[in-house]
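Enquirer: Handing you this structure, nothing more for now.
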Amino acid sequence: MKSAVLVFPGINRERDMARAFEVVTGVKPVMVWHTETELPDGVDVVAVPGGFSYGDYLRCGAIAARSPIIDAVKRHADRGGYVLGVCNGFQIVTEIGLLPGALMRNASLKFVCKEVHLRVDDPTTAFTSAYTAGQVIRCPIAHGEGNYYADPETLARLEGEGRVVFRYCDELGRTTEAADPNGSLNHIAGIVNERGNVLGMMPHPENLIEALQGGTDGRGLFESLAKVA
C-alpha cells in the first residue's frame, strides 16, 4: 500500500501519522507539501493529519482548504482513492466538501486533551474491517473545535445511510453526554462519505498503534486500509 501524508504550515501530527502507516504496512509514506499540485503516482491513501494548519486562523481548516494540493486530493477521492482526515484533517475535508457538516467550538469552550472511548458502529468500511460491530476502543483526542454539527436533514441522512462510523461512548459502549468530550450531535466522532472511501474523525488513532504508546487500539484502522488499498 502506498500512502501520502499532507503537510501544511502549522500541522504537527504528520510524523505520528507517517509512523503509523510505516509500522503497520512496512512502507514509508510520501510526505507531500501543501504547495504541490499533484499527488505522487500510485498513491492509494491520502492522509490529512491533525494539528493547527495556519494557526487555525479564520476558521479551522479554512486556509488549508485553499492550498494547491487540495484539487489533487479531490480528484483522488473522485477516482475512488482513500482519504483519511484526522482532527484538523477532519476539519479540512469538511471544508473542501468531501464530507458534510462542520466542526465547531467544543461545547465547554475549552481545549480538551485526553483519552476517550469510541464505539465502532460500522465495521464494514475500508477503515474499520479489523474491528467488530459495537467494539469499544480507546483513542486520544486533542482539540478545541471538535463539536460535530450538521443540519437536521444531513444528520438524518448520515444516520439513515449508516455513515456514522465512530461515536463517543463510555467504557461499556454507552453513548452519554458525560462521555462526549465536545458536544457533537449524536455523539459523532467519525463519519464516511456516501462512497465509503473518505473518513473524517476527530480522535487520533495514529497515537495508539504500538504498545509503547500505551495501547494498540488505533492500529485496526491502518490494518483495515492495508487490506483494501
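Residues are named by chain letter and number: chains run A, B, ... in the order of the C-alpha cells, numbers start at 1 in each chain, and ligands are numbered from 1 in the order shown.
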Give the helix (DSSP H, G or I) residues of range 103-204 of chain A, as assigned by DSSP on the backbone, as a PyMOL selection string.

Expert: chain A and resi 152-160+185-187

Enquirer: Give me a file of those residues, with N, CA and C atoms, as a PDB file, in the first residue's frame.

Expert:
```
ATOM      1  N   PRO A 152     -30.399  19.259  10.329  1.00  0.00           N
ATOM      2  CA  PRO A 152     -31.226  18.074  10.612  1.00  0.00           C
ATOM      3  C   PRO A 152     -31.360  17.117   9.427  1.00  0.00           C
ATOM      4  N   GLU A 153     -31.501  17.648   8.219  1.00  0.00           N
ATOM      5  CA  GLU A 153     -31.649  16.783   7.046  1.00  0.00           C
ATOM      6  C   GLU A 153     -30.370  15.981   6.803  1.00  0.00           C
ATOM      7  N   THR A 154     -29.236  16.644   6.897  1.00  0.00           N
ATOM      8  CA  THR A 154     -27.957  15.960   6.691  1.00  0.00           C
ATOM      9  C   THR A 154     -27.718  14.918   7.773  1.00  0.00           C
ATOM     10  N   LEU A 155     -28.023  15.285   9.008  1.00  0.00           N
ATOM     11  CA  LEU A 155     -27.834  14.360  10.119  1.00  0.00           C
ATOM     12  C   LEU A 155     -28.696  13.112   9.936  1.00  0.00           C
ATOM     13  N   ALA A 156     -29.948  13.321   9.527  1.00  0.00           N
ATOM     14  CA  ALA A 156     -30.845  12.189   9.309  1.00  0.00           C
ATOM     15  C   ALA A 156     -30.334  11.292   8.185  1.00  0.00           C
ATOM     16  N   ARG A 157     -29.750  11.903   7.156  1.00  0.00           N
ATOM     17  CA  ARG A 157     -29.206  11.114   6.050  1.00  0.00           C
ATOM     18  C   ARG A 157     -27.993  10.304   6.500  1.00  0.00           C
ATOM     19  N   LEU A 158     -27.118  10.919   7.276  1.00  0.00           N
ATOM     20  CA  LEU A 158     -25.951  10.199   7.794  1.00  0.00           C
ATOM     21  C   LEU A 158     -26.370   8.993   8.620  1.00  0.00           C
ATOM     22  N   GLU A 159     -27.346   9.202   9.477  1.00  0.00           N
ATOM     23  CA  GLU A 159     -27.817   8.118  10.328  1.00  0.00           C
ATOM     24  C   GLU A 159     -28.552   7.063   9.515  1.00  0.00           C
ATOM     25  N   GLY A 160     -29.404   7.510   8.601  1.00  0.00           N
ATOM     26  CA  GLY A 160     -30.193   6.576   7.811  1.00  0.00           C
ATOM     27  C   GLY A 160     -29.355   5.721   6.882  1.00  0.00           C
ATOM     28  N   LEU A 185     -23.197  16.412  17.874  1.00  0.00           N
ATOM     29  CA  LEU A 185     -24.533  15.877  17.672  1.00  0.00           C
ATOM     30  C   LEU A 185     -24.481  14.357  17.563  1.00  0.00           C
ATOM     31  N   ASN A 186     -25.397  13.718  18.244  1.00  0.00           N
ATOM     32  CA  ASN A 186     -25.482  12.248  18.235  1.00  0.00           C
ATOM     33  C   ASN A 186     -24.177  11.583  18.644  1.00  0.00           C
ATOM     34  N   HIS A 187     -23.324  12.339  19.340  1.00  0.00           N
ATOM     35  CA  HIS A 187     -22.044  11.820  19.848  1.00  0.00           C
ATOM     36  C   HIS A 187     -21.138  11.328  18.711  1.00  0.00           C
TER      37      HIS A 187
END
```

Enquirer: I want to know what sits within 8 Å of range 114-122 of chain A, based on only C-alpha atoms, with residues of the same chain fewer than 6 positions away left out; could you give that as a list in words?

Expert: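 Selected residues are Thr128, Tyr131, Thr132, Ala133, Gly134, Gln135, Val136, Ile137, Arg138, Cys139, Pro140, Ile141, Ala142, Gly162, Arg163, Val164, Val165, Phe166, Arg167, Tyr168, Cys169, Asp170, Glu171, Gly173, Ala179, Pro181 and Ala189 of chain A.
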
Enquirer: Give me the range 136-219 of chain A side of the contact with range 18-38 of chain A, cut-off 12 Å, one line per residue showing its nearest atom pair and distance in Å at one decimal, counting only C-alpha atoms, sorted by chain and residue number, as JSON lines.

Expert:
```
{"residue": "A:His204", "atom": "CA", "partner": "A:Ala20", "partner_atom": "CA", "distance": 10.8}
{"residue": "A:Pro205", "atom": "CA", "partner": "A:Ala20", "partner_atom": "CA", "distance": 8.7}
{"residue": "A:Glu206", "atom": "CA", "partner": "A:Ala20", "partner_atom": "CA", "distance": 5.4}
{"residue": "A:Asn207", "atom": "CA", "partner": "A:Ala20", "partner_atom": "CA", "distance": 7.8}
{"residue": "A:Leu208", "atom": "CA", "partner": "A:Ala20", "partner_atom": "CA", "distance": 8.7}
{"residue": "A:Ile209", "atom": "CA", "partner": "A:Ala20", "partner_atom": "CA", "distance": 6.5}
{"residue": "A:Glu210", "atom": "CA", "partner": "A:Val23", "partner_atom": "CA", "distance": 8.6}
{"residue": "A:Gln213", "atom": "CA", "partner": "A:Ala20", "partner_atom": "CA", "distance": 11.4}
{"residue": "A:Thr216", "atom": "CA", "partner": "A:Ala20", "partner_atom": "CA", "distance": 10.6}
{"residue": "A:Gly218", "atom": "CA", "partner": "A:Ala20", "partner_atom": "CA", "distance": 9.2}
{"residue": "A:Arg219", "atom": "CA", "partner": "A:Val24", "partner_atom": "CA", "distance": 7.4}
```

Enquirer: For the selection just defined, write its residues with all heavy atoms to a file, as a CSV table (one decimal), in the first residue's frame.

Expert:
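Result file follows (result34.csv):
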```
chain,number,residue,atom,x,y,z
A,204,HIS,N,-7.4,10.6,17.5
A,204,HIS,CA,-6.2,10.3,16.8
A,204,HIS,C,-5.8,8.8,16.9
A,204,HIS,O,-5.1,8.4,17.8
A,204,HIS,CB,-5.0,11.1,17.5
A,204,HIS,CG,-5.1,12.5,17.2
A,204,HIS,ND1,-4.5,13.1,16.1
A,204,HIS,CD2,-5.7,13.6,17.9
A,204,HIS,CE1,-4.7,14.4,16.1
A,204,HIS,NE2,-5.4,14.7,17.2
A,205,PRO,N,-6.2,7.9,16.0
A,205,PRO,CA,-5.9,6.5,16.1
A,205,PRO,C,-4.4,6.3,15.9
A,205,PRO,O,-3.8,5.3,16.3
A,205,PRO,CB,-6.7,5.9,14.9
A,205,PRO,CG,-6.9,7.0,14.0
A,205,PRO,CD,-7.1,8.2,14.8
A,206,GLU,N,-3.7,7.2,15.2
A,206,GLU,CA,-2.3,7.0,14.9
A,206,GLU,C,-1.4,7.1,16.2
A,206,GLU,O,-0.3,6.7,16.2
A,206,GLU,CB,-1.8,8.1,13.9
A,206,GLU,CG,-1.7,9.5,14.5
A,206,GLU,CD,-2.9,10.3,14.5
A,206,GLU,OE1,-4.0,9.7,14.3
A,206,GLU,OE2,-2.9,11.6,14.7
A,207,ASN,N,-2.0,7.6,17.3
A,207,ASN,CA,-1.3,7.7,18.6
A,207,ASN,C,-1.5,6.5,19.5
A,207,ASN,O,-1.0,6.5,20.6
A,207,ASN,CB,-1.6,9.0,19.3
A,207,ASN,CG,-1.1,10.2,18.6
A,207,ASN,OD1,-1.7,11.2,18.6
A,207,ASN,ND2,0.1,10.1,18.0
A,208,LEU,N,-2.1,5.4,19.0
A,208,LEU,CA,-2.3,4.2,19.7
A,208,LEU,C,-2.1,3.0,18.8
A,208,LEU,O,-3.0,2.3,18.5
A,208,LEU,CB,-3.6,4.1,20.5
A,208,LEU,CG,-3.7,4.7,21.9
A,208,LEU,CD1,-5.0,4.4,22.5
A,208,LEU,CD2,-2.6,4.2,22.8
A,209,ILE,N,-0.9,2.9,18.3
A,209,ILE,CA,-0.6,1.7,17.3
A,209,ILE,C,0.5,0.8,17.8
A,209,ILE,O,0.7,-0.2,17.2
A,209,ILE,CB,-0.3,2.3,15.9
A,209,ILE,CG1,0.8,3.3,16.0
A,209,ILE,CG2,-1.6,2.9,15.3
A,209,ILE,CD1,2.0,2.8,15.2
A,210,GLU,N,1.2,1.2,18.9
A,210,GLU,CA,2.2,0.4,19.4
A,210,GLU,C,2.1,0.3,21.0
A,210,GLU,O,1.6,1.3,21.6
A,210,GLU,CB,3.6,1.0,19.1
A,210,GLU,CG,3.9,1.0,17.6
A,210,GLU,CD,5.3,1.6,17.3
A,210,GLU,OE1,5.4,2.8,17.2
A,210,GLU,OE2,6.2,0.7,17.3
A,213,GLN,N,3.1,3.1,23.3
A,213,GLN,CA,2.2,4.3,23.3
A,213,GLN,C,1.1,4.1,24.4
A,213,GLN,O,0.3,5.0,24.6
A,213,GLN,CB,1.6,4.6,22.0
A,213,GLN,CG,2.6,5.0,20.9
A,213,GLN,CD,2.0,5.1,19.5
A,213,GLN,OE1,1.3,4.2,19.1
A,213,GLN,NE2,2.2,6.2,18.9
A,216,THR,N,-2.8,-0.4,21.6
A,216,THR,CA,-2.8,-0.6,20.1
A,216,THR,C,-4.2,-0.5,19.5
A,216,THR,O,-4.4,-1.0,18.4
A,216,THR,CB,-2.2,-1.9,19.8
A,216,THR,OG1,-2.9,-3.0,20.4
A,216,THR,CG2,-0.7,-2.0,20.2
A,218,GLY,N,-5.8,1.8,18.1
A,218,GLY,CA,-5.9,2.5,16.8
A,218,GLY,C,-5.3,1.8,15.6
A,218,GLY,O,-5.5,2.2,14.5
A,219,ARG,N,-4.6,0.7,15.9
A,219,ARG,CA,-3.9,0.0,14.9
A,219,ARG,C,-4.9,-0.6,13.8
A,219,ARG,O,-4.5,-0.7,12.6
A,219,ARG,CB,-3.0,-1.1,15.5
A,219,ARG,CG,-2.1,-1.8,14.5
A,219,ARG,CD,-1.3,-2.9,15.2
A,219,ARG,NE,-0.3,-3.5,14.4
A,219,ARG,CZ,1.0,-3.2,14.4
A,219,ARG,NH1,1.5,-2.3,15.2
A,219,ARG,NH2,1.8,-3.8,13.5
```

Enquirer: Skip Glu95 in chain A itself and residues of its chain fewer than 5 positions away, then list as number ranges by chain all residues within 10 Å of it, counting only C-alpha atoms.

Expert: A: 59-66, 89-90, 100-103

Enquirer: Restricting the calculation to only C-alpha atoms: of A:Pro68, A:Gly200, A:Gly51, A:Gly215, which residue gets closest to Val93 in chain A?

Expert: A:Gly200

Enquirer: Calculate how many Å separate CA of Leu99 in chain A from CA of Pro123 in chain A, rounding to one decimal.

Expert: 19.0 Å

Enquirer: Can you pull out every residue from range 102-227 of chain A that DSSP, working from the backbone, puts in strand (DSSP E), and format the result as a PyMOL selection string?

Expert: chain A and resi 102-104+112-120+136-143+147-149+164-169+188-192+198-201

Enquirer: For the selection you just gave me, I'd like the residues written to a file as a short mmCIF file (atom, residue, chain, number, x, y, z; two decimals), in the first residue's frame, keeping C-alpha atoms.

Expert:
```
data_model
loop_
_atom_site.label_atom_id
_atom_site.label_comp_id
_atom_site.auth_asym_id
_atom_site.auth_seq_id
_atom_site.Cartn_x
_atom_site.Cartn_y
_atom_site.Cartn_z
CA ALA A 102 -18.79 21.30 10.24
CA LEU A 103 -16.63 21.15 13.36
CA MET A 104 -17.46 23.90 15.84
CA VAL A 112 -9.72 19.10 25.50
CA CYS A 113 -6.72 16.77 25.55
CA LYS A 114 -7.32 13.31 26.98
CA GLU A 115 -8.11 9.72 26.13
CA VAL A 116 -11.70 8.81 25.26
CA HIS A 117 -13.67 5.71 24.31
CA LEU A 118 -15.13 5.18 20.87
CA ARG A 119 -17.76 2.70 19.75
CA VAL A 120 -17.33 1.17 16.30
CA VAL A 136 -15.21 -0.16 22.19
CA ILE A 137 -11.72 1.21 21.63
CA ARG A 138 -9.58 3.78 23.39
CA CYS A 139 -8.35 6.79 21.45
CA PRO A 140 -6.64 10.09 22.33
CA ILE A 141 -8.14 13.47 21.45
CA ALA A 142 -6.62 16.94 21.42
CA HIS A 143 -8.85 19.66 20.00
CA ASN A 147 -18.05 19.64 18.08
CA TYR A 148 -19.61 17.98 15.02
CA TYR A 149 -22.65 19.76 13.61
CA VAL A 164 -21.58 7.25 11.34
CA VAL A 165 -18.54 5.04 11.87
CA PHE A 166 -17.38 6.07 15.37
CA ARG A 167 -19.27 7.51 18.34
CA TYR A 168 -18.04 8.78 21.67
CA CYS A 169 -19.09 6.43 24.45
CA ILE A 188 -20.47 11.57 16.38
CA ALA A 189 -16.71 11.04 16.37
CA GLY A 190 -16.20 9.90 12.77
CA ILE A 191 -18.16 9.66 9.51
CA VAL A 192 -17.65 8.42 5.95
CA VAL A 198 -13.35 9.15 2.74
CA LEU A 199 -13.25 9.02 6.54
CA GLY A 200 -13.10 12.00 8.85
CA MET A 201 -12.66 11.63 12.60
#
```

Enquirer: So the first atom is CA of Gly10 in chain A and the second is CA of Gly50 in chain A; what is the distance between them in Å, to one decimal place?

Expert: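 Computed distance, CA of Gly10 in chain A to CA of Gly50 in chain A, equals 9.3 Å.
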
Enquirer: What does the structure give for the distance between CA of Val7 in chain A and CA of Pro40 in chain A, in Å to one decimal?

Expert: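 CA of Pro40 in chain A lies at a distance of 13.9 Å from CA of Val7 in chain A.
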
Enquirer: Which neighbours of Lys110 in chain A fall inside 9 Å, counting only C-alpha atoms, when residues of the same chain fewer than 5 positions from it are skipped, and could you give them as a ChimeraX atom specification?

Expert: /A:105,143-145,182

Enquirer: Pick out the residues sitting within 8 Å of Val48 in chain A, and hand them over as a list in words; count only C-alpha atoms, and ignore anything fewer than 6 positions along from it in its own chain.

Expert: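 The contact residues come out as Val5, Leu6, Val7, Val83, Leu84, Gly85, Val86, Asn88, Gly89, Phe90 and Ile92 of chain A.
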
Enquirer: Counting only C-alpha atoms, figure out which residue out of A:Gly55, A:Gly183, A:Gly42, A:Gly220 gets nearest to Asn106 in chain A.

Expert: A:Gly183
